[in-house]
file final-v8.txt (compact mmCIF, C-alpha atoms)
# COMPACT_ATOMS: atom_id res chain seq x y z
CA MET A 1 0.82 -119.49 -37.29
CA SER A 2 -1.90 -119.47 -34.74
CA ASN A 3 -3.22 -116.45 -32.89
CA GLU A 4 -1.63 -117.53 -29.65
CA ASP A 5 1.79 -117.67 -31.26
CA GLU A 6 1.30 -114.15 -32.70
CA THR A 7 0.26 -112.78 -29.31
CA ALA A 8 3.24 -114.33 -27.61
CA LYS A 9 5.56 -112.85 -30.22
CA ASN A 10 4.19 -109.37 -29.72
CA ARG A 11 4.54 -109.66 -25.97
CA LEU A 12 8.11 -110.71 -26.46
CA ARG A 13 8.83 -107.64 -28.60
CA LYS A 14 7.43 -105.33 -25.95
CA GLU A 15 9.44 -106.91 -23.19
CA LEU A 16 12.65 -107.25 -25.16
CA PRO A 17 13.88 -103.55 -24.78
CA GLU A 18 13.66 -103.78 -21.02
CA GLU A 19 15.75 -106.95 -20.87
CA LEU A 20 18.38 -106.24 -23.54
CA PRO A 21 20.80 -103.30 -23.88
CA ALA A 22 19.55 -100.52 -26.14
CA THR A 23 20.98 -100.48 -29.64
CA ALA A 24 20.99 -97.74 -32.15
CA PRO A 25 17.94 -98.98 -34.05
CA GLN A 26 16.02 -99.55 -30.80
CA ALA A 27 16.85 -95.99 -29.69
CA GLU A 28 15.07 -94.72 -32.79
CA GLU A 29 11.99 -96.80 -31.99
CA THR A 30 11.87 -95.56 -28.38
CA PRO A 31 12.68 -91.82 -28.49
CA ALA A 32 11.03 -91.24 -25.13
CA GLU A 33 13.83 -93.19 -23.40
CA ALA A 34 16.63 -91.14 -24.99
CA GLY A 35 18.22 -88.06 -23.37
CA PRO A 36 17.61 -84.48 -24.49
CA ALA A 37 20.68 -84.50 -26.72
CA GLU A 38 19.08 -87.24 -28.91
CA GLU A 39 15.73 -85.44 -29.55
CA SER A 40 14.63 -85.43 -33.16
CA PRO A 41 14.87 -82.05 -34.93
CA VAL A 42 11.61 -82.77 -36.69
CA ALA A 43 9.64 -83.28 -33.48
CA ALA A 44 10.64 -79.90 -31.78
CA ALA A 45 10.20 -76.51 -33.56
CA PRO A 46 13.36 -74.34 -33.66
CA GLU A 47 13.38 -71.58 -30.94
CA LEU A 48 13.53 -67.95 -32.29
CA THR A 49 16.04 -65.41 -30.98
CA GLY A 50 15.02 -62.01 -29.51
CA ARG A 51 16.11 -60.15 -32.64
CA GLN A 52 14.06 -62.47 -34.85
CA ARG A 53 10.96 -61.94 -32.72
CA LEU A 54 11.50 -58.14 -32.87
CA VAL A 55 11.77 -58.29 -36.66
CA GLN A 56 8.62 -60.37 -36.91
CA GLY A 57 6.80 -57.86 -34.63
CA ILE A 58 7.63 -54.74 -36.63
CA TRP A 59 7.66 -56.12 -40.15
CA PRO A 60 5.69 -55.58 -42.24
CA LEU A 61 5.33 -51.98 -41.01
CA ARG A 62 1.91 -50.96 -39.66
CA VAL A 63 2.31 -47.21 -38.84
CA THR A 64 -0.69 -45.09 -37.80
CA ARG A 65 -0.96 -41.34 -38.31
CA ALA A 66 -0.49 -40.64 -34.60
CA GLN A 67 2.65 -42.77 -34.47
CA LEU A 68 4.03 -40.95 -37.50
CA ILE A 69 3.42 -37.52 -35.90
CA VAL A 70 5.06 -38.64 -32.65
CA ALA A 71 8.02 -39.97 -34.59
CA LEU A 72 8.45 -36.66 -36.45
CA LEU A 73 8.26 -34.67 -33.21
CA LEU A 74 10.82 -36.89 -31.54
CA PHE A 75 13.08 -36.56 -34.57
CA GLY A 76 12.80 -32.75 -34.49
CA LEU A 77 13.50 -32.66 -30.76
CA GLY A 78 16.51 -34.89 -31.12
CA PHE A 79 17.84 -32.83 -34.02
CA GLY A 80 17.46 -29.58 -32.05
CA LEU A 81 19.24 -31.03 -29.03
CA ALA A 82 22.02 -32.29 -31.24
CA VAL A 83 22.47 -28.87 -32.86
CA GLN A 84 22.50 -27.13 -29.47
CA VAL A 85 25.00 -29.55 -28.04
CA ALA A 86 27.18 -29.12 -31.12
CA SER A 87 26.97 -25.32 -30.86
CA ASN A 88 27.88 -25.37 -27.17
CA SER A 89 30.68 -27.77 -27.89
CA ASP A 90 32.03 -25.47 -30.60
CA SER A 91 31.82 -22.45 -28.27
CA ASP A 92 33.47 -24.32 -25.44
CA SER A 93 36.13 -25.58 -27.80
CA ALA A 94 36.74 -22.03 -29.04
CA LEU A 95 37.07 -20.72 -25.50
CA ARG A 96 39.33 -23.56 -24.47
CA GLY A 97 41.53 -22.87 -27.44
CA ALA A 98 41.65 -19.09 -26.92
CA ARG A 99 44.69 -17.35 -25.60
CA GLN A 100 44.77 -15.67 -22.20
CA GLU A 101 44.77 -12.23 -23.78
CA ASP A 102 41.65 -13.13 -25.80
CA LEU A 103 39.88 -14.40 -22.69
CA VAL A 104 40.71 -11.20 -20.82
CA ARG A 105 39.38 -9.12 -23.72
CA ILE A 106 36.16 -11.17 -23.84
CA LEU A 107 35.64 -10.69 -20.11
CA ASP A 108 36.23 -6.94 -20.43
CA GLU A 109 33.69 -6.74 -23.24
CA LEU A 110 31.15 -8.65 -21.16
CA ASP A 111 31.76 -6.34 -18.20
CA ASP A 112 31.34 -3.26 -20.42
CA ARG A 113 28.11 -4.62 -21.90
CA THR A 114 26.77 -5.43 -18.44
CA GLN A 115 27.63 -1.93 -17.23
CA ARG A 116 25.93 -0.35 -20.25
CA LEU A 117 22.80 -2.41 -19.66
CA GLU A 118 22.82 -1.46 -15.98
CA ASP A 119 23.18 2.24 -16.84
CA GLU A 120 20.36 1.97 -19.34
CA LYS A 121 18.19 0.26 -16.73
CA GLN A 122 18.89 3.01 -14.19
CA GLY A 123 18.11 5.68 -16.79
CA LEU A 124 14.79 4.06 -17.65
CA GLU A 125 13.88 3.73 -13.98
CA LYS A 126 14.72 7.42 -13.46
CA GLN A 127 12.51 8.42 -16.39
CA ARG A 128 9.71 6.28 -14.98
CA ASP A 129 10.01 7.95 -11.58
CA GLU A 130 10.06 11.39 -13.17
CA LEU A 131 6.97 10.59 -15.21
CA GLU A 132 5.18 9.27 -12.15
CA ASN A 133 6.16 12.33 -10.10
CA SER A 134 5.18 14.72 -12.88
CA SER A 135 1.90 12.90 -13.26
CA ASP A 136 1.26 13.15 -9.53
CA GLN A 137 2.26 16.83 -9.52
CA ALA A 138 0.03 17.53 -12.50
CA GLU A 139 -2.88 15.76 -10.82
CA GLU A 140 -2.31 17.69 -7.59
CA ALA A 141 -2.05 20.96 -9.49
CA ARG A 142 -5.25 20.15 -11.32
CA LYS A 143 -7.04 19.44 -8.04
CA GLN A 144 -5.75 22.68 -6.53
CA THR A 145 -6.83 24.60 -9.62
CA LEU A 146 -10.32 23.14 -9.47
CA GLU A 147 -10.57 23.94 -5.76
CA LYS A 148 -9.35 27.48 -6.33
CA GLU A 149 -11.80 27.90 -9.18
CA ARG A 150 -14.63 26.71 -6.95
CA GLN A 151 -13.66 29.13 -4.19
CA LEU A 152 -13.38 32.05 -6.57
CA GLY A 153 -16.68 31.05 -8.14
CA ILE A 154 -18.35 31.20 -4.73
CA LEU A 155 -16.91 34.65 -4.06
CA ALA A 156 -17.82 35.85 -7.54
CA GLY A 157 -21.30 34.37 -7.29
CA THR A 158 -20.93 32.23 -10.44
CA VAL A 159 -21.48 28.90 -8.65
CA ALA A 160 -23.99 27.81 -6.03
CA ALA A 161 -22.90 27.19 -2.46
CA GLN A 162 -24.21 25.49 0.64
CA GLY A 163 -23.15 25.18 4.25
CA PRO A 164 -24.04 26.24 7.80
CA GLY A 165 -25.22 29.75 8.40
CA ILE A 166 -28.19 31.92 9.30
CA THR A 167 -31.40 33.21 7.75
CA ILE A 168 -32.43 36.84 8.42
CA THR A 169 -35.95 38.03 7.75
CA ILE A 170 -36.67 41.79 7.91
CA ASP A 171 -40.38 42.60 7.86
CA ASP A 172 -40.91 46.29 6.98
CA THR A 173 -44.63 47.05 7.28
CA LYS A 174 -44.09 50.82 7.61
CA GLY A 175 -41.79 51.14 4.59
CA THR A 176 -39.10 52.77 6.68
CA VAL A 177 -36.20 50.44 5.84
CA GLU A 178 -33.81 52.09 3.43
CA ALA A 179 -30.96 50.81 1.25
CA ASP A 180 -28.20 52.02 3.56
CA MET A 181 -29.65 49.95 6.44
CA LEU A 182 -29.53 46.78 4.36
CA LEU A 183 -26.02 47.69 3.21
CA ASP A 184 -24.96 48.05 6.88
CA ALA A 185 -26.34 44.55 7.51
CA ILE A 186 -24.30 43.17 4.57
CA GLN A 187 -21.13 44.88 5.80
CA GLU A 188 -21.59 43.51 9.33
CA LEU A 189 -22.11 40.00 7.96
CA ARG A 190 -18.99 40.22 5.80
CA ALA A 191 -16.94 41.46 8.75
CA ALA A 192 -18.21 38.50 10.80
CA GLY A 193 -17.00 36.00 8.20
CA ALA A 194 -19.92 35.57 5.81
CA GLU A 195 -18.76 33.69 2.70
CA ALA A 196 -21.90 33.82 0.55
CA ILE A 197 -24.93 36.10 0.80
CA GLN A 198 -28.19 36.14 -1.09
CA VAL A 199 -30.98 38.76 -0.68
CA ASN A 200 -34.42 37.99 -2.11
CA GLY A 201 -32.97 35.94 -4.98
CA VAL A 202 -30.11 38.34 -5.78
CA ARG A 203 -26.54 37.17 -5.19
CA VAL A 204 -24.41 39.65 -3.24
CA VAL A 205 -20.83 39.94 -4.52
CA ALA A 206 -17.88 42.25 -3.95
CA GLY A 207 -19.20 44.91 -6.33
CA THR A 208 -22.79 44.82 -5.15
CA TYR A 209 -24.51 48.18 -4.60
CA LEU A 210 -27.90 49.04 -3.10
CA THR A 211 -30.13 52.00 -3.93
CA ASP A 212 -33.53 53.21 -2.82
CA SER A 213 -36.30 52.73 -5.33
CA GLY A 214 -39.47 54.44 -4.04
CA ASN A 215 -40.79 52.37 -1.14
CA SER A 216 -38.46 49.48 -2.00
CA VAL A 217 -34.77 48.81 -2.51
CA SER A 218 -32.75 47.87 -5.59
CA VAL A 219 -29.79 45.46 -5.39
CA ASP A 220 -27.45 45.80 -8.38
CA GLY A 221 -30.38 47.25 -10.31
CA ASN A 222 -32.76 44.47 -9.28
CA LYS A 223 -35.79 45.79 -7.40
CA ILE A 224 -36.70 43.81 -4.26
CA ASN A 225 -39.61 44.27 -1.87
CA ALA A 226 -40.16 43.57 1.81
CA PRO A 227 -39.96 41.30 3.60
CA TYR A 228 -36.24 41.23 2.96
CA ARG A 229 -34.85 37.74 3.35
CA PHE A 230 -31.10 37.20 3.73
CA LYS A 231 -29.46 33.77 3.26
CA VAL A 232 -25.96 33.84 4.69
CA ILE A 233 -23.35 31.05 4.75
CA GLY A 234 -20.75 31.24 7.52
CA LYS A 235 -20.22 30.32 11.14
CA PRO A 236 -23.56 30.87 12.89
CA GLN A 237 -21.89 31.50 16.26
CA ASP A 238 -20.09 34.52 14.73
CA LEU A 239 -22.77 35.84 12.40
CA GLU A 240 -25.71 36.16 14.79
CA PRO A 241 -23.85 38.02 17.58
CA ALA A 242 -22.48 40.47 15.02
CA LEU A 243 -26.04 41.54 14.21
CA ASN A 244 -27.15 41.79 17.84
CA ILE A 245 -24.38 43.99 19.23
CA PRO A 246 -25.60 47.11 21.04
CA GLY A 247 -26.34 49.79 18.50
CA GLY A 248 -25.94 47.27 15.72
CA VAL A 249 -28.09 46.27 12.77
CA VAL A 250 -30.96 44.68 14.71
CA GLN A 251 -31.43 47.62 17.09
CA THR A 252 -31.25 50.13 14.23
CA LEU A 253 -33.94 48.30 12.25
CA GLU A 254 -36.16 47.86 15.27
CA LYS A 255 -35.98 51.62 15.90
CA GLU A 256 -37.48 52.01 12.41
CA GLN A 257 -40.34 49.75 13.55
CA ALA A 258 -39.09 46.82 11.46
CA THR A 259 -39.23 43.26 12.76
CA VAL A 260 -35.98 41.27 12.53
CA THR A 261 -35.85 37.46 12.90
CA VAL A 262 -32.56 35.52 12.91
CA GLU A 263 -32.49 31.71 12.61
CA ARG A 264 -29.48 29.43 12.69
CA SER A 265 -29.26 26.44 10.38
CA THR A 266 -26.78 23.66 9.63
CA LYS A 267 -27.53 23.89 5.92
CA ILE A 268 -28.10 27.10 4.00
CA VAL A 269 -28.33 26.95 0.22
CA VAL A 270 -27.30 30.01 -1.78
CA ASP A 271 -28.27 29.23 -5.35
CA ALA A 272 -28.71 32.68 -6.91
CA LEU A 273 -26.01 33.05 -9.58
CA ARG A 274 -24.28 35.95 -11.28
CA ALA A 275 -23.04 35.79 -14.85
CA ALA A 276 -19.26 35.76 -15.14
CA LYS A 277 -18.14 39.11 -16.48
CA ARG A 278 -15.07 39.25 -18.64
CA PRO A 279 -12.93 42.31 -17.92
CA ASP A 280 -12.32 44.65 -20.79
CA TYR A 281 -8.82 45.78 -19.90
CA ALA A 282 -7.46 43.79 -16.97
CA ARG A 283 -5.39 40.72 -17.83
CA SER A 284 -3.57 38.17 -15.73
CA SER A 285 0.05 39.09 -15.10
CA SER A 286 1.20 35.52 -14.52

call {"tool": "encode", "arguments": {"input": "final-v8.txt", "output": "structure tokens"}}
result
Amino acid sequence: MSNEDETAKNRLRKELPEELPATAPQAEETPAEAGPAEESPVAAAPELTGRQRLVQGIWPLRVTRAQLIVALLLFGLGFGLAVQVASNSDSDSALRGARQEDLVRILDELDDRTQRLEDEKQGLEKQRDELENSSDQAEEARKQTLEKERQLGILAGTVAAQGPGITITIDDTKGTVEADMLLDAIQELRAAGAEAIQVNGVRVVAGTYLTDSGNSVSVDGNKINAPYRFKVIGKPQDLEPALNIPGGVVQTLEKEQATVTVERSTKIVVDALRAAKRPDYARSSS
């Protein structure tokens, strides 16, 4: 057979399916012309279901430490919720199954417990208020005690004092000033409202006494010399006029040829102190 005959035969084979009806063997030779129902199972891979893909994704297991911890926490949370729900369900079931008398008794018990708690709360609040009030009262009493102690200390001469007042200087060049003249000056100052007095470094108190000592004067046994310098705390507008009244201290001293100088000041410091004396027999009656 020549090459031309072979070529013509092959051309005939290629054209034959288009001209003749398709037979079963020809359908196998031309699978591209067949419908989807006649596709070969070998040519197309079988399609996996969703469950099969899920199994292939998680198996074999590849669990990290973090995933394991999260899984345990979720398990614990779920278990706790389940127990709580079961407990509530049991309680609800018990209440639903209780008789009316039992429900009334339970409500009464709850009311009594609530009332007891409310009474306890009110009692605690009352105790708190009492403690706060007692604390405030104790603090106020302490402040008043300290203030009273300070005032008594000023009068007794055991603490220093300062405030407005006057300074009196008596210059006795002739030596004619006697103890009773200085005592008159102290009495006039006290009557005018003097609160603290100091003479030449000696604190004047309620029991102070003055005596003559030669050409000088002694205050509570302490000898002082001229010039006599008084530091007096009080209202200057009351203290100075009390000394300058007609026939008063200033005129009496000037008659004895003494020079008296009075100066007002907004700040007088009385810092001479007396030792606190403990009484031998007197005791507080309170």

call {"tool": "closest_residue", "arguments": {"input": "final-v8.txt", "among": "A:Gly248, A:Ala242, A:Leu273, A:Pro279", "to": "A:Thr158", "atoms": "only C-alpha atoms"}}
result
A:Leu273

call {"tool": "closest_residue", "arguments": {"input": "final-v8.txt", "among": "A:Leu131, A:Leu253, A:Ala191, A:Leu183", "to": "A:Val219", "atoms": "all atoms listed in the file"}}
result
A:Leu183

call {"tool": "closest_residue", "arguments": {"input": "final-v8.txt", "among": "A:Gln251, A:Thr208, A:Leu155, A:Thr173", "to": "A:Asn225", "atoms": "all atoms listed in the file"}}
result
A:Thr173

call {"tool": "residues_around", "arguments": {"input": "final-v8.txt", "residues": "A:Val232", "least_positions_apart": "5", "cutoff": "10 Å", "atoms": "all atoms listed in the file", "output": "VMD selection string"}}
result
chain A and resid 162 to 168 186 189 to 190 193 to 199 204 239 264 to 265 268 to 270

call {"tool": "closest_residue", "arguments": {"input": "final-v8.txt", "among": "A:Leu146, A:Leu243, A:Ala156, A:Leu110", "to": "A:Thr261", "atoms": "only C-alpha atoms"}}
result
A:Leu243

call {"tool": "atom_distance", "arguments": {"input": "final-v8.txt", "atom1": "atom CA of A:Gln84", "atom2": "atom CA of A:Leu72"}}
result
18.4 Å

call {"tool": "atom_distance", "arguments": {"input": "final-v8.txt", "atom1": "atom CA of A:Ile106", "atom2": "atom CA of A:Val83"}}
result
24.1 Å

call {"tool": "atom_distance", "arguments": {"input": "final-v8.txt", "atom1": "atom CA of A:Gln151", "atom2": "atom CA of A:Asp180"}}
result
28.2 Å

call {"tool": "closest_residue", "arguments": {"input": "final-v8.txt", "among": "A:Ala282, A:Val249, A:Val104, A:Ile233", "to": "A:Thr266", "atoms": "all atoms listed in the file"}}
result
A:Ile233

call {"tool": "closest_residue", "arguments": {"input": "final-v8.txt", "among": "A:Gly234, A:Glu188, A:Ala272, A:Arg229", "to": "A:Val205", "atoms": "only C-alpha atoms"}}
result
A:Ala272

call {"tool": "residues_near_point", "arguments": {"input": "final-v8.txt", "point": "(-35.1, 55.5, 2.2)", "cutoff": "8 Å", "atoms": "only C-alpha atoms", "output": "PDB file with C-alpha atoms, keeping the file's coordinate frame"}}
result
ATOM      1  CA  THR A 176     -39.100  52.770   6.680  1.00  0.00           C
ATOM      2  CA  VAL A 177     -36.200  50.440   5.840  1.00  0.00           C
ATOM      3  CA  GLU A 178     -33.810  52.090   3.430  1.00  0.00           C
ATOM      4  CA  ALA A 179     -30.960  50.810   1.250  1.00  0.00           C
ATOM      5  CA  ASP A 180     -28.200  52.020   3.560  1.00  0.00           C
ATOM      6  CA  ASP A 212     -33.530  53.210  -2.820  1.00  0.00           C
ATOM      7  CA  GLY A 214     -39.470  54.440  -4.040  1.00  0.00           C
ATOM      8  CA  ASN A 215     -40.790  52.370  -1.140  1.00  0.00           C
TER       9      ASN A 215
END

call {"tool": "residues_around", "arguments": {"input": "final-v8.txt", "residues": "A:Ile170", "least_positions_apart": "2", "cutoff": "6 Å", "atoms": "only C-alpha atoms", "output": "ChimeraX atom specification"}}
result
/A:227-228,259-260
